[in-house]
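**Q** Sharing a structure here in structure tokens format.
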Amino acid sequence: RKGHMVIAVAEGAGQKFVATGKKDSTGHTVYGDIGVHLKEKVNEHLKPVGGRSFYIDPSYIIRSSPIRPNDHTFCSRLAIDAVHTAMRGYTGVCVGPLHNIIVILPQSLVASGKKRVNVHRSAWQQCVQACGMPESLSGMADP
């Protein structure tokens with residue numbers, strides 16, 4: 001109704017349009033970026049009517065730690081709630097967890113200021129251990 005949509009695409013989709021034909025050092029296929037391709041095609045379609053699209057590449061976020069079984073469930077829940085939020089017509093919001101509950105927050109609240117993590121507190125230490133980060137990021141190493 002409001003002329004908005006969300007398109008979520010899995011890594012490796014649409015390789016007939018964006019294949020690189022390359023392999024990485026481990027022998028795995030290096031996928032072309034379907035997100036950039038889709039953005040360009042959608043913008044070509046929308047430009048004559050004054051529309052445009054945006055592309056957000058989450059790869060740096062999702063590759064920062066090893067995958068765990070509950071990651072699939074959590075990501076599925078976020079995706080479903082984000083799409084439902086958009087289909088309800090909400091704009092200018094973020095969908096995410098707050099005290100283990102998926103909530104809709106205004107972007108103005110999310111981006112209202114800098115947040116600092118105290119690296120000497122137990123919550124950060126648990127995060128470092130759970131994600132398998134190097135000790136140098138723990139904040140406890142000698143300077």
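Ligands are numbered from 1 in the order shown, chains are lettered A, B, ... in the order of the structure tokens, and residues start at 1 in each chain.
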Mind the document's chain letters and residue numbers, and return as a list of chain:residue names the residues of chain A that DSSP labels strand (DSSP E or B).

**A**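 For chain A, the strand (DSSP E or B) set is A:Lys22, A:Lys23, A:Thr29, A:Val30, A:Val93, A:Cys94, A:Val95, A:Gly96, A:Pro97, A:Leu98, A:Ile101, A:Ile102, A:Val103, A:Ile104, A:Leu105, A:Pro106.
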
**Q** Quick one: write out the picked residues with C-alpha atoms as an mmCIF file, in the first residue's frame?

**A**
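Written file, result_2.cif:
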data_model
loop_
_atom_site.group_PDB
_atom_site.id
_atom_site.type_symbol
_atom_site.label_atom_id
_atom_site.label_comp_id
_atom_site.auth_asym_id
_atom_site.auth_seq_id
_atom_site.Cartn_x
_atom_site.Cartn_y
_atom_site.Cartn_z
ATOM 1 C CA LYS A 22 36.734 -17.957 -9.375
ATOM 2 C CA LYS A 23 37.694 -20.183 -6.432
ATOM 3 C CA THR A 29 33.396 -20.930 -5.270
ATOM 4 C CA VAL A 30 33.679 -17.142 -4.980
ATOM 5 C CA VAL A 93 12.197 1.616 12.311
ATOM 6 C CA CYS A 94 14.637 -1.170 13.227
ATOM 7 C CA VAL A 95 13.692 -4.687 14.242
ATOM 8 C CA GLY A 96 15.916 -6.309 16.843
ATOM 9 C CA PRO A 97 16.205 -7.963 20.236
ATOM 10 C CA LEU A 98 15.721 -6.094 23.494
ATOM 11 C CA ILE A 101 12.178 -10.014 22.977
ATOM 12 C CA ILE A 102 12.056 -8.982 19.303
ATOM 13 C CA VAL A 103 10.873 -5.369 19.231
ATOM 14 C CA ILE A 104 10.340 -2.541 16.749
ATOM 15 C CA LEU A 105 12.352 0.558 17.628
ATOM 16 C CA PRO A 106 12.319 3.973 15.934
#

**Q** Taking 3 positions as the minimum chain separation for residues in the same chain, which residues sit within 9 Å of Val36 of chain A when counting only C-alpha atoms? Answer as an MDAnalysis selection string.

**A** chainID A and resid 33 39:41 55 57

**Q** Taking 4 positions as the minimum chain separation for residues in the same chain, which residues sit within 12 Å of Ile80 of chain A when counting only C-alpha atoms? Answer as a PyMOL selection string.

**A** chain A and resi 6-8+73-76+84-87+95-96+102

**Q** As a ChimeraX atom specification, which residues of chain A does DSSP assign to alpha helix (DSSP H)?

**A** /A:15-18,34-46,59-62,69-87,107-110,122-131

**Q** Need to verify the contact set: His4 of chain A, 12 Å, only C-alpha atoms, exclusion of same-chain residues closer than 6 positions in sequence. Can you return it as a ChimeraX atom specification?

**A** /A:46,51-54,83,85-92

**Q** Restricted to N, CA, C and O atoms, what would the selected residues look like written as a PDB file, in the first residue's frame?

**A**
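Final file, out21.pdb:
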ATOM      1  N   LEU A  46      12.736   1.279 -11.629  1.00  0.00           N
ATOM      2  CA  LEU A  46      12.059   2.327 -10.864  1.00  0.00           C
ATOM      3  C   LEU A  46      12.384   3.752 -11.312  1.00  0.00           C
ATOM      4  O   LEU A  46      11.606   4.667 -11.078  1.00  0.00           O
ATOM      5  N   GLY A  51      11.390   6.303  -8.653  1.00  0.00           N
ATOM      6  CA  GLY A  51      11.697   5.466  -7.496  1.00  0.00           C
ATOM      7  C   GLY A  51      13.161   5.106  -7.429  1.00  0.00           C
ATOM      8  O   GLY A  51      13.931   5.373  -8.347  1.00  0.00           O
ATOM      9  N   ARG A  52      13.559   4.497  -6.325  1.00  0.00           N
ATOM     10  CA  ARG A  52      14.925   4.018  -6.172  1.00  0.00           C
ATOM     11  C   ARG A  52      14.966   2.940  -5.105  1.00  0.00           C
ATOM     12  O   ARG A  52      14.034   2.789  -4.320  1.00  0.00           O
ATOM     13  N   SER A  53      16.059   2.194  -5.089  1.00  0.00           N
ATOM     14  CA  SER A  53      16.223   1.139  -4.095  1.00  0.00           C
ATOM     15  C   SER A  53      17.550   1.299  -3.381  1.00  0.00           C
ATOM     16  O   SER A  53      18.452   1.995  -3.850  1.00  0.00           O
ATOM     17  N   PHE A  54      17.664   0.651  -2.239  1.00  0.00           N
ATOM     18  CA  PHE A  54      18.877   0.687  -1.432  1.00  0.00           C
ATOM     19  C   PHE A  54      19.345  -0.731  -1.201  1.00  0.00           C
ATOM     20  O   PHE A  54      18.544  -1.657  -1.138  1.00  0.00           O
ATOM     21  N   VAL A  83      10.006  -8.327   7.817  1.00  0.00           N
ATOM     22  CA  VAL A  83       9.083  -8.308   6.672  1.00  0.00           C
ATOM     23  C   VAL A  83       7.677  -7.969   7.136  1.00  0.00           C
ATOM     24  O   VAL A  83       6.986  -7.144   6.516  1.00  0.00           O
ATOM     25  N   THR A  85       6.846  -6.234   9.716  1.00  0.00           N
ATOM     26  CA  THR A  85       6.858  -4.820  10.089  1.00  0.00           C
ATOM     27  C   THR A  85       6.715  -3.945   8.849  1.00  0.00           C
ATOM     28  O   THR A  85       5.925  -3.000   8.819  1.00  0.00           O
ATOM     29  N   ALA A  86       7.471  -4.272   7.805  1.00  0.00           N
ATOM     30  CA  ALA A  86       7.384  -3.502   6.558  1.00  0.00           C
ATOM     31  C   ALA A  86       6.009  -3.639   5.922  1.00  0.00           C
ATOM     32  O   ALA A  86       5.449  -2.666   5.416  1.00  0.00           O
ATOM     33  N   MET A  87       5.448  -4.839   5.947  1.00  0.00           N
ATOM     34  CA  MET A  87       4.133  -5.057   5.329  1.00  0.00           C
ATOM     35  C   MET A  87       3.020  -4.350   6.102  1.00  0.00           C
ATOM     36  O   MET A  87       1.974  -4.057   5.533  1.00  0.00           O
ATOM     37  N   ARG A  88       3.242  -4.082   7.375  1.00  0.00           N
ATOM     38  CA  ARG A  88       2.269  -3.305   8.157  1.00  0.00           C
ATOM     39  C   ARG A  88       2.357  -1.815   7.825  1.00  0.00           C
ATOM     40  O   ARG A  88       1.559  -1.024   8.307  1.00  0.00           O
ATOM     41  N   GLY A  89       3.403  -1.440   7.050  1.00  0.00           N
ATOM     42  CA  GLY A  89       3.525  -0.051   6.648  1.00  0.00           C
ATOM     43  C   GLY A  89       4.462   0.778   7.495  1.00  0.00           C
ATOM     44  O   GLY A  89       4.568   1.987   7.299  1.00  0.00           O
ATOM     45  N   TYR A  90       5.143   0.149   8.457  1.00  0.00           N
ATOM     46  CA  TYR A  90       6.079   0.906   9.288  1.00  0.00           C
ATOM     47  C   TYR A  90       7.316   1.282   8.479  1.00  0.00           C
ATOM     48  O   TYR A  90       7.852   0.477   7.735  1.00  0.00           O
ATOM     49  N   THR A  91       7.773   2.507   8.636  1.00  0.00           N
ATOM     50  CA  THR A  91       9.032   2.955   8.039  1.00  0.00           C
ATOM     51  C   THR A  91       9.814   3.680   9.117  1.00  0.00           C
ATOM     52  O   THR A  91       9.259   4.090  10.133  1.00  0.00           O
ATOM     53  N   GLY A  92      11.118   3.819   8.900  1.00  0.00           N
ATOM     54  CA  GLY A  92      11.949   4.520   9.872  1.00  0.00           C
ATOM     55  C   GLY A  92      12.101   3.764  11.176  1.00  0.00           C
ATOM     56  O   GLY A  92      12.220   4.381  12.236  1.00  0.00           O
TER      57      GLY A  92
END

**Q** Using only C-alpha atoms, which of A:His120, A:Lys47, A:His99, A:Lys16 sits nearest Ile34 of chain A?

**A**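 Among the listed residues, the smallest separation from Ile34 of chain A belongs to A:Lys16.
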
**Q** Rounded to one decimal place, report the atom CA of Met133 of chain A-atom CA of Asp24 of chain A distance in Å.

**A**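 Separation of atom CA of Met133 of chain A and atom CA of Asp24 of chain A: 23.6 Å.
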
**Q** Might you pull out every residue within 12 Å of segment 112-117 of chain A, with only C-alpha atoms counted and same-chain residues fewer than 6 positions away left off, and present them as a list of chain:residue names?

**A**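 Here the qualifying residues turn out to be A:Leu105, A:Pro106, A:Ala123, A:Trp124, A:Gln125, A:Cys127, A:Ser138, A:Gly139.
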
**Q** Between A:Ala82, A:Val110, A:Ile56, A:Val49, which has the minimum distance to Met5 of chain A (counting only C-alpha atoms)?

**A** A:Ala82

**Q** Identify which of the residues A:Glu135, A:Asp71, A:Asp81, A:Glu11 lies closest to Gly35 of chain A, counting only C-alpha atoms when measuring atom-to-atom distances.

**A**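 With only C-alpha atoms as the atom set, the closest residue is A:Glu11.
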
**Q** What is the distance, in Å and to one decimal place, between atom CA of Glu44 of chain A and atom CA of Gly21 of chain A?

**A**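 These two atoms are separated by 25.8 Å.
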
**Q** Figure out the distance between atom CA of Arg68 of chain A and atom CA of Ala13 of chain A, please, to one decimal in Å.

**A**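 Result for atom CA of Ala13 of chain A versus atom CA of Arg68 of chain A: 22.2 Å, one decimal.
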